[in-house]
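Asks: Coordinates in query-v4.txt, compact mmCIF, C-alpha atoms and all ligand atoms, are listed below.
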# COMPACT_ATOMS: atom_id res chain seq x y z
CA MET X 1 -15.52 -13.65 -6.84
CA LEU X 2 -12.94 -10.88 -7.26
CA ARG X 3 -9.37 -12.16 -6.96
CA ILE X 4 -6.62 -9.88 -5.66
CA TYR X 5 -3.08 -11.06 -6.36
CA GLY X 6 -0.39 -9.98 -3.93
CA ILE X 7 0.83 -10.14 -0.34
CA PRO X 8 -0.14 -8.07 2.72
CA ASN X 9 3.43 -6.76 3.03
CA SER X 10 2.99 -4.79 -0.23
CA GLN X 11 1.83 -1.19 0.13
CA PRO X 12 -0.31 -0.94 -3.04
CA VAL X 13 -1.78 -4.40 -2.40
CA ARG X 14 -2.99 -3.21 1.00
CA SER X 15 -4.67 -0.16 -0.58
CA VAL X 16 -6.83 -2.47 -2.71
CA VAL X 17 -7.48 -4.92 0.12
CA TRP X 18 -8.44 -2.15 2.57
CA LEU X 19 -10.73 -0.54 -0.02
CA CYS X 20 -12.64 -3.82 -0.44
CA LEU X 21 -12.80 -4.44 3.32
CA ILE X 22 -14.13 -0.93 3.96
CA LYS X 23 -16.81 -1.45 1.33
CA GLY X 24 -17.64 -5.01 2.35
CA LEU X 25 -16.85 -6.41 -1.10
CA PRO X 26 -15.92 -10.11 -0.84
CA PHE X 27 -12.65 -11.11 -2.50
CA GLU X 28 -10.05 -13.83 -2.52
CA LEU X 29 -6.51 -12.70 -1.73
CA VAL X 30 -4.32 -15.00 -3.83
CA LEU X 31 -0.93 -14.97 -2.11
CA THR X 32 1.43 -13.94 -4.89
CA SER X 33 5.05 -13.05 -4.19
CA GLN X 34 6.44 -10.23 -6.31
CA ASN X 35 9.77 -11.96 -6.99
CA ARG X 36 8.62 -15.47 -7.82
CA ASP X 37 4.87 -15.93 -8.35
CA ALA X 38 4.34 -12.67 -10.23
CA LYS X 39 7.24 -13.49 -12.55
CA THR X 40 5.96 -16.87 -13.79
CA PRO X 41 5.22 -17.09 -17.53
CA GLU X 42 1.52 -17.77 -16.70
CA PHE X 43 1.18 -14.64 -14.54
CA LEU X 44 3.09 -12.44 -17.01
CA ALA X 45 1.03 -13.68 -19.95
CA GLY X 46 -2.38 -13.89 -18.30
CA ILE X 47 -2.49 -11.26 -15.55
CA ASN X 48 0.24 -8.62 -15.62
CA PRO X 49 3.09 -8.38 -18.15
CA ARG X 50 5.01 -6.11 -15.75
CA GLY X 51 5.00 -8.79 -13.04
CA THR X 52 4.01 -6.51 -10.19
CA VAL X 53 1.38 -6.77 -7.48
CA PRO X 54 -1.36 -5.80 -6.94
CA ALA X 55 -3.26 -7.20 -9.87
CA ILE X 56 -6.85 -8.33 -9.99
CA GLU X 57 -9.04 -10.68 -11.94
CA ASP X 58 -12.74 -9.88 -11.98
CA GLU X 59 -14.87 -12.35 -13.93
CA GLY X 60 -12.15 -12.84 -16.54
CA PHE X 61 -11.04 -9.20 -16.59
CA ALA X 62 -7.42 -8.76 -15.49
CA LEU X 63 -6.13 -5.36 -14.35
CA TRP X 64 -2.94 -4.07 -12.73
CA GLU X 65 -1.61 -0.76 -11.30
CA CYS X 66 -3.15 0.07 -7.96
CA PRO X 67 -4.88 3.39 -8.83
CA ALA X 68 -6.45 1.88 -11.97
CA ILE X 69 -7.73 -1.03 -9.88
CA MET X 70 -9.17 1.24 -7.19
CA ILE X 71 -10.88 3.49 -9.75
CA TYR X 72 -12.30 0.47 -11.59
CA LEU X 73 -13.77 -0.98 -8.40
CA CYS X 74 -15.21 2.39 -7.33
CA GLU X 75 -16.81 2.96 -10.75
CA LYS X 76 -18.12 -0.59 -11.02
CA HIS X 77 -19.71 -0.51 -7.57
CA GLY X 78 -20.73 3.18 -7.46
CA TRP X 79 -18.51 4.10 -4.48
CA ASN X 80 -18.82 7.81 -5.08
CA ASP X 81 -17.64 8.76 -1.63
CA LEU X 82 -14.18 7.32 -2.29
CA TRP X 83 -14.06 8.38 -5.99
CA PRO X 84 -16.22 11.51 -6.00
CA ASP X 85 -18.69 12.41 -8.75
CA ASP X 86 -18.03 16.12 -8.57
CA PRO X 87 -15.50 16.89 -11.37
CA ARG X 88 -13.29 19.15 -9.29
CA HIS X 89 -13.24 16.91 -6.27
CA ARG X 90 -12.49 13.92 -8.52
CA ALA X 91 -9.76 15.90 -10.27
CA ARG X 92 -8.05 16.63 -6.94
CA VAL X 93 -8.17 12.93 -6.03
CA ASN X 94 -6.81 12.00 -9.45
CA GLN X 95 -4.09 14.63 -9.16
CA TYR X 96 -2.85 12.95 -6.01
CA LEU X 97 -2.95 9.47 -7.58
CA HIS X 98 -0.60 10.65 -10.35
CA PHE X 99 1.62 12.59 -7.96
CA HIS X 100 2.05 9.54 -5.73
CA HIS X 101 4.22 7.40 -8.02
CA ARG X 102 7.47 9.39 -8.08
CA ASN X 103 6.88 11.35 -4.90
CA THR X 104 5.16 9.75 -1.87
CA ARG X 105 6.08 6.30 -3.22
CA GLU X 106 9.73 7.19 -2.68
CA LEU X 107 9.15 6.71 1.06
CA VAL X 108 9.22 2.97 0.36
CA VAL X 109 13.00 3.28 0.03
CA GLN X 110 13.34 4.22 3.73
CA TRP X 111 11.31 1.13 4.64
CA SER X 112 12.89 -1.25 2.17
CA GLN X 113 16.48 -0.23 2.92
CA THR X 114 15.86 -0.63 6.66
CA LEU X 115 13.94 -3.91 6.51
CA TRP X 116 15.70 -6.08 3.91
CA PRO X 117 19.33 -5.82 5.16
CA ARG X 118 18.00 -6.80 8.59
CA VAL X 119 16.00 -9.71 7.16
CA PHE X 120 19.00 -11.01 5.21
CA GLY X 121 21.46 -10.33 8.06
CA VAL X 122 23.59 -7.85 6.11
CA GLU X 123 25.24 -5.47 8.58
CA ARG X 124 26.48 -2.67 6.38
CA PRO X 125 24.92 -3.05 2.94
CA ASP X 126 26.76 -1.22 0.20
CA ASP X 127 25.06 0.53 -2.70
CA ASP X 128 25.47 -2.50 -4.90
CA TRP X 129 23.65 -4.79 -2.41
CA LEU X 130 20.88 -2.24 -1.91
CA ARG X 131 20.45 -1.90 -5.65
CA ARG X 132 20.17 -5.66 -6.10
CA ASN X 133 17.97 -6.40 -3.09
CA THR X 134 15.77 -3.37 -2.38
CA PHE X 135 13.95 -0.55 -4.09
CA THR X 136 16.62 1.76 -5.47
CA GLY X 137 14.45 4.85 -5.62
CA LEU X 138 15.26 8.03 -7.44
CA ARG X 139 18.82 9.30 -7.37
CA ASP X 140 17.85 12.25 -5.17
CA ASN X 141 15.50 10.13 -3.02
CA ALA X 142 16.04 12.00 0.27
CA ALA X 143 15.27 15.38 -1.30
CA VAL X 144 12.23 13.96 -3.13
CA VAL X 145 10.87 12.48 0.10
CA GLU X 146 11.37 15.71 1.99
CA GLN X 147 9.59 17.66 -0.73
CA ALA X 148 6.78 15.08 -0.98
CA LEU X 149 6.14 15.30 2.76
CA ARG X 150 6.00 19.07 2.57
CA ILE X 151 3.56 18.95 -0.37
CA VAL X 152 1.36 16.27 1.20
CA ASP X 153 1.25 18.24 4.45
CA GLY X 154 0.12 21.27 2.42
CA MET X 155 -2.54 19.24 0.57
CA LEU X 156 -3.94 18.07 3.90
CA ALA X 157 -4.01 21.54 5.45
CA PRO X 158 -7.38 22.84 4.12
CA THR X 159 -9.73 19.95 5.01
CA GLY X 160 -7.60 17.17 6.49
CA TYR X 161 -7.94 14.93 3.38
CA LEU X 162 -5.80 14.65 0.26
CA GLY X 163 -8.57 15.27 -2.24
CA GLY X 164 -10.08 18.14 -0.26
CA GLY X 165 -13.63 17.42 0.81
CA SER X 166 -14.86 16.22 4.15
CA HIS X 167 -13.94 12.53 4.02
CA ALA X 168 -11.27 10.08 2.90
CA THR X 169 -11.02 9.00 -0.75
CA ILE X 170 -8.87 6.49 -2.62
CA ALA X 171 -6.11 9.14 -2.64
CA ASP X 172 -5.92 8.83 1.15
CA LEU X 173 -5.99 5.02 1.03
CA PHE X 174 -3.14 5.00 -1.48
CA ALA X 175 -0.95 7.46 0.44
CA TYR X 176 -1.65 5.94 3.83
CA GLU X 177 0.02 2.63 2.97
CA GLU X 178 3.39 4.36 2.55
CA LEU X 179 3.15 6.92 5.34
CA GLY X 180 1.23 4.84 7.87
CA GLN X 181 3.59 1.89 7.56
CA ASN X 182 6.74 3.93 8.26
CA GLN X 183 5.44 5.50 11.49
CA PRO X 184 7.57 5.05 14.62
CA LYS X 185 4.94 2.74 16.14
CA TYR X 186 5.01 0.35 13.13
CA ALA X 187 8.08 -0.10 10.87
CA ASN X 188 9.74 2.92 12.50
CA CYS X 189 11.70 4.20 9.55
CA SER X 190 10.36 7.71 8.89
CA ASP X 191 9.92 10.75 11.05
CA PHE X 192 6.85 12.90 10.44
CA ARG X 193 7.54 15.48 13.13
CA GLY X 194 7.30 18.95 11.65
CA HIS X 195 4.36 17.88 9.45
CA PRO X 196 1.40 18.48 11.77
CA HIS X 197 -1.30 17.86 9.16
CA ILE X 198 0.21 14.49 8.28
CA GLU X 199 0.38 13.53 11.96
CA ARG X 200 -3.29 14.41 12.48
CA TRP X 201 -4.32 12.63 9.25
CA LEU X 202 -2.50 9.44 10.29
CA GLU X 203 -4.71 9.31 13.40
CA THR X 204 -7.87 9.98 11.36
CA MET X 205 -7.00 7.22 8.89
CA GLU X 206 -6.35 4.73 11.66
CA ALA X 207 -9.98 5.19 12.79
CA LEU X 208 -11.40 4.02 9.43
CA PRO X 209 -13.14 0.60 9.40
CA HIS X 210 -11.03 -2.58 9.45
CA HIS X 211 -7.75 -0.75 9.84
CA GLU X 212 -6.46 -3.38 12.24
CA VAL X 213 -7.07 -6.39 10.01
CA ALA X 214 -5.94 -4.65 6.81
CA HIS X 215 -2.66 -3.72 8.54
CA ALA X 216 -2.07 -6.77 10.72
CA VAL X 217 1.20 -7.36 8.85
CA TRP X 218 2.62 -4.15 10.39
CA THR X 219 2.32 -5.44 13.94
CA LEU X 220 3.31 -8.97 12.96
CA ILE X 221 6.60 -7.69 11.51
CA GLY X 222 7.08 -4.78 13.92
CA ASP X 223 10.01 -2.36 14.00
CA ALA X 224 12.03 -2.91 10.81
CA HIS X 225 15.31 -2.35 12.72
CA ARG X 226 14.59 -5.26 15.07
CA VAL X 227 13.17 -7.99 12.88
CA GLU X 228 14.44 -11.44 13.93
CA GLY X 229 14.21 -14.74 12.08
CA GLY X 230 14.91 -13.60 8.54
CA MET X 231 12.66 -14.35 5.61
CA ARG X 232 10.69 -16.93 7.59
CA THR X 233 9.37 -14.15 9.81
CA ILE X 234 8.21 -12.16 6.78
CA ALA X 235 6.63 -15.21 5.15
CA ARG X 236 4.83 -16.14 8.37
CA ALA X 237 3.60 -12.55 8.84
CA ASN X 238 2.23 -12.49 5.29
CA LYS X 239 0.45 -15.80 5.78
CA GLU X 240 -1.03 -14.87 9.14
CA ALA X 241 -2.12 -11.40 7.92
CA ALA X 242 -3.74 -13.03 4.87
CA ARG X 243 -5.49 -15.53 7.16
CA ARG X 244 -6.99 -12.69 9.23
CA ILE X 245 -8.12 -10.90 6.08
CA ALA X 246 -9.73 -14.10 4.74
CA GLU X 247 -11.47 -14.66 8.07
CA LEU X 248 -12.94 -11.16 7.95
CA VAL X 249 -14.07 -11.58 4.33
CA ASP X 250 -15.62 -14.89 5.26
CA GLY X 251 -17.56 -13.24 8.07
CA MET X 252 -18.73 -10.48 5.70
CA GLY X 253 -20.06 -13.12 3.31
CA ARG X 254 -22.11 -14.63 6.11
CA GLY X 255 -23.35 -11.19 7.16
CA GLY X 256 -21.14 -11.31 10.28
N1 LIG X 301 2.84 1.34 -9.77
C1 LIG X 301 2.50 0.04 -9.24
C2 LIG X 301 3.59 -0.34 -8.23
C3 LIG X 301 3.45 -1.77 -7.79
C4 LIG X 301 4.68 -2.24 -7.07
O1 LIG X 301 5.72 -1.56 -6.97
N2 LIG X 301 4.57 -3.44 -6.53
C5 LIG X 301 5.72 -4.09 -5.96
C6 LIG X 301 5.33 -4.73 -4.63
S1 LIG X 301 5.04 -3.51 -3.41
C7 LIG X 301 6.18 -5.17 -6.94
O2 LIG X 301 5.36 -5.95 -7.38
N3 LIG X 301 7.47 -5.17 -7.28
C8 LIG X 301 8.05 -6.15 -8.14
C9 LIG X 301 8.78 -5.55 -9.32
O3 LIG X 301 8.92 -4.30 -9.37
O4 LIG X 301 9.21 -6.30 -10.19
C10 LIG X 301 1.13 0.09 -8.56
O5 LIG X 301 0.74 1.17 -8.09
O6 LIG X 301 0.44 -0.93 -8.53
Step by step, read the file and then write its structure as C-alpha cells.
Replies:
Amino acid sequence: MLRIYGIPNSQPVRSVVWLCLIKGLPFELVLTSQNRDAKTPEFLAGINPRGTVPAIEDEGFALWECPAIMIYLCEKHGWNDLWPDDPRHRARVNQYLHFHHRNTRELVVQWSQTLWPRVFGVERPDDDWLRRNTFTGLRDNAAVVEQALRIVDGMLAPTGYLGGGSHATIADLFAYEELGQNQPKYANCSDFRGHPHIERWLETMEALPHHEVAHAVWTLIGDAHRVEGGMRTIARANKEAARRIAELVDGMGRGG
C-alpha cells in the first residue's frame, strides 16, 4: 500500500492526502514530524535527503516534493481530470505548480508566525526567535503575498479554477492548503477581502469530497491566535486528524 510520510498540520502533506481521499486510493499516513522524524539518518538516506514532508513510498519507490508526488500519482492512476491530458490545460496547471513555491507558499509565514509564538507562549517574538522557530519567508514577504493574491485572483477570474477549465485540478488542491487554512473561520491569519474570485473559489473547494476529514486538523487547532495548551494541543490535533483520515481510508477499503 502507498505510504505517505507527514502530519496533517502540514500544508503540502494535506494536498497529497486530500488527492488520495478524493480518488479513493488507499494509503497509510505514517506520522512523521518534520523536525525530528524526517531528520533521522534512516529517513534522510532512504526517503528524502532534504528531510521534508510530504514524501511517499510506493512499492519501494520513494519520492518527495508535493507537486512531483501529485503528478506521479495522477499519471500512475490515469487521473486525467486532476492532471489534464490536453497540453495547454496541463501547461496552465503546471505553470501554477511552479509559481506556487515562492509566491502562494509565502502565505505560510502569516500562519506560522501567528501560530508558533502562541504555541510556545512567546508574547512578543523578535526577528531572531521567528527565524529560529518559524518559516522565515522571503525578505519582502508581505509584498510577495500581496502580489501572489492579486495574481491568483486574476488566474481564477476566467473559469473559477487555477488551471482554467471547468473543474479543480492538482493546482487547486496545492493552493487551497495555504489559502484555505488561513481563512478567518480556520486559522484566522489572512484576509482575502478584496479578492472576490479567491473568496468564491474557497467556497467551491470546500464542497469537494472529503474536505472535512482531510482538513479536520484546522478545526481541531482552531484560531491560531487563541490556541491553548502548547505543543500538546498540536500533537493531539495531528493524531486525532490522522485517526479520522485512517478511519475513512479503512472504510474505503471495505467499500464503505
Ligand atoms: N517544496 C516542498 C515543501 C515541503 C515543506 O516545506 N514541508 C515542511 C512541512 S509543511 C517541512 O517538511 N519542513 C521541514 C524543513 O524545511 O526542514 C513540497 O512542496 O513538498
Asks: Work out how far apart CA of Gly121 in chain X and CA of Gly229 in chain X are and give it in Å to one decimal.
Replies: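 Going from CA of Gly121 in chain X over to CA of Gly229 in chain X, I get 9.4 Å.
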Asks: Please provide the set of residues having any atom within 9 Å of range 107-119 of chain X, restricted to only C-alpha atoms, with same-chain residues fewer than 4 positions apart removed, written as a ChimeraX atom specification.
Replies: /X:11,103,123-125,129-130,133-137,141-142,144-145,148,178-179,181-182,187-190,223-234
Asks: Would you give the centre and edge lengths, in Å to one decimal, of a box along x, y and z around the listed atoms of ligand LIG 301 (chain X), with 8 Å added to each side, as AutoDock Vina command-line options?
Replies:
--center_x 4.8 --center_y -2.5 --center_z -6.8 --size_x 24.8 --size_y 23.6 --size_z 22.8
Asks: Which residue is closest to Arg236 in chain X? Choose from X:Leu220, X:Ala157, X:Pro209, X:Lys185 and count only C-alpha atoms.
Replies: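 Smallest distance to Arg236 in chain X is found for X:Leu220.
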Asks: Name each residue within 7 Å of ligand LIG 301 (chain X), counting all atoms listed in the file, as a list of chain:residue names.
Replies: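 Within the 7 Å cut-off, the matching residues are X:Ser10, X:Gln11, X:Pro12, X:Val13, X:Gln34, X:Asn35, X:Arg50, X:Gly51, X:Thr52, X:Val53, X:Pro54, X:Trp64, X:Glu65, X:Cys66, X:Pro67, X:His101.
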Asks: Could you tell me how far CA of Ile170 in chain X lies from CA of Gln183 in chain X, in Å and to one decimal?
Replies: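 Rounded to one decimal, the two atoms are 20.1 Å apart.
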Asks: Using only C-alpha atoms, which residue out of X:Phe43, X:Trp218, X:Phe120, X:Tyr161 lies closest to Arg14 in chain X?
Replies: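 Nearest candidate to Arg14 in chain X out of X:Phe43, X:Trp218, X:Phe120, X:Tyr161: X:Trp218.
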Asks: Could you check which of X:Gly253, X:Pro84, X:Pro158, X:Gly6 is closest to Ala55 in chain X, using only C-alpha atoms?
Replies: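 Checking each candidate against Ala55 in chain X, we get X:Gly6 as the closest.
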Asks: Between CA of Thr159 in chain X and CA of Phe174 in chain X, measure the distance and give it in Å to one decimal.
Replies: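 Separation between CA of Thr159 in chain X and CA of Phe174 in chain X: 17.6 Å.
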Asks: Supply range 99-132 of chain X as a short mmCIF file (atom, residue, chain, number, x, y, z; two decimals), in the frame of the given file, with N, CA and C atoms built in where the input has gaps.
Replies:
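This is the output file rebuild.cif:
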data_model
loop_
_atom_site.label_atom_id
_atom_site.label_comp_id
_atom_site.auth_asym_id
_atom_site.auth_seq_id
_atom_site.Cartn_x
_atom_site.Cartn_y
_atom_site.Cartn_z
N PHE X 99 0.49 12.06 -8.72
CA PHE X 99 1.62 12.59 -7.96
C PHE X 99 2.34 11.49 -7.18
N HIS X 100 1.54 10.55 -6.65
CA HIS X 100 2.05 9.54 -5.73
C HIS X 100 3.29 8.80 -6.25
N HIS X 101 3.24 8.38 -7.54
CA HIS X 101 4.22 7.40 -8.02
C HIS X 101 5.69 7.79 -7.84
N ARG X 102 6.05 9.02 -8.18
CA ARG X 102 7.47 9.39 -8.08
C ARG X 102 7.71 10.38 -6.95
N ASN X 103 6.74 10.42 -6.02
CA ASN X 103 6.88 11.35 -4.90
C ASN X 103 6.67 10.62 -3.57
N THR X 104 5.40 10.48 -3.12
CA THR X 104 5.16 9.75 -1.87
C THR X 104 5.72 8.32 -1.94
N ARG X 105 5.61 7.68 -3.07
CA ARG X 105 6.08 6.30 -3.22
C ARG X 105 7.56 6.15 -2.86
N GLU X 106 8.31 7.25 -2.99
CA GLU X 106 9.73 7.19 -2.68
C GLU X 106 10.00 6.90 -1.21
N LEU X 107 8.97 7.05 -0.35
CA LEU X 107 9.15 6.71 1.06
C LEU X 107 9.42 5.22 1.25
N VAL X 108 9.03 4.43 0.25
CA VAL X 108 9.22 2.97 0.36
C VAL X 108 10.71 2.64 0.47
N VAL X 109 11.56 3.52 -0.02
CA VAL X 109 13.00 3.28 0.03
C VAL X 109 13.49 3.27 1.49
N GLN X 110 12.94 4.18 2.31
CA GLN X 110 13.34 4.22 3.73
C GLN X 110 12.96 2.91 4.42
N TRP X 111 11.80 2.38 4.05
CA TRP X 111 11.31 1.13 4.64
C TRP X 111 12.13 -0.06 4.13
N SER X 112 12.25 -0.12 2.82
CA SER X 112 12.89 -1.25 2.17
C SER X 112 14.37 -1.36 2.58
N GLN X 113 15.05 -0.21 2.63
CA GLN X 113 16.48 -0.23 2.92
C GLN X 113 16.76 -0.36 4.41
N THR X 114 15.71 -0.30 5.23
CA THR X 114 15.86 -0.63 6.66
C THR X 114 15.55 -2.11 6.86
N LEU X 115 14.43 -2.56 6.26
CA LEU X 115 13.94 -3.91 6.51
C LEU X 115 14.81 -5.02 5.90
N TRP X 116 15.11 -4.91 4.61
CA TRP X 116 15.70 -6.08 3.91
C TRP X 116 17.12 -6.41 4.36
N PRO X 117 18.01 -5.43 4.62
CA PRO X 117 19.33 -5.82 5.16
C PRO X 117 19.19 -6.56 6.49
N ARG X 118 18.24 -6.15 7.30
CA ARG X 118 18.00 -6.80 8.59
C ARG X 118 17.51 -8.24 8.38
N VAL X 119 16.56 -8.38 7.44
CA VAL X 119 16.00 -9.71 7.16
C VAL X 119 17.09 -10.66 6.65
N PHE X 120 17.97 -10.14 5.80
CA PHE X 120 19.00 -11.01 5.21
C PHE X 120 20.31 -10.98 6.01
N GLY X 121 20.29 -10.32 7.18
CA GLY X 121 21.46 -10.33 8.06
C GLY X 121 22.68 -9.65 7.46
N VAL X 122 22.46 -8.58 6.70
CA VAL X 122 23.59 -7.85 6.11
C VAL X 122 23.83 -6.60 6.96
N GLU X 123 24.98 -6.54 7.61
CA GLU X 123 25.24 -5.47 8.58
C GLU X 123 25.34 -4.09 7.94
N ARG X 124 26.29 -3.98 7.01
CA ARG X 124 26.48 -2.67 6.38
C ARG X 124 26.36 -2.82 4.87
N PRO X 125 25.11 -2.81 4.38
CA PRO X 125 24.92 -3.05 2.94
C PRO X 125 25.53 -1.92 2.11
N ASP X 126 26.24 -2.28 1.08
CA ASP X 126 26.76 -1.22 0.20
C ASP X 126 25.72 -0.91 -0.89
N ASP X 127 26.02 0.08 -1.68
CA ASP X 127 25.06 0.53 -2.70
C ASP X 127 24.68 -0.60 -3.66
N ASP X 128 25.70 -1.42 -3.96
CA ASP X 128 25.47 -2.50 -4.90
C ASP X 128 24.45 -3.49 -4.33
N TRP X 129 24.60 -3.85 -3.05
CA TRP X 129 23.65 -4.79 -2.41
C TRP X 129 22.26 -4.17 -2.38
N LEU X 130 22.19 -2.90 -1.99
CA LEU X 130 20.88 -2.24 -1.91
C LEU X 130 20.21 -2.22 -3.27
N ARG X 131 21.02 -1.96 -4.30
CA ARG X 131 20.45 -1.90 -5.65
C ARG X 131 19.90 -3.27 -6.06
N ARG X 132 20.61 -4.33 -5.69
CA ARG X 132 20.17 -5.66 -6.10
C ARG X 132 19.02 -6.20 -5.26
#
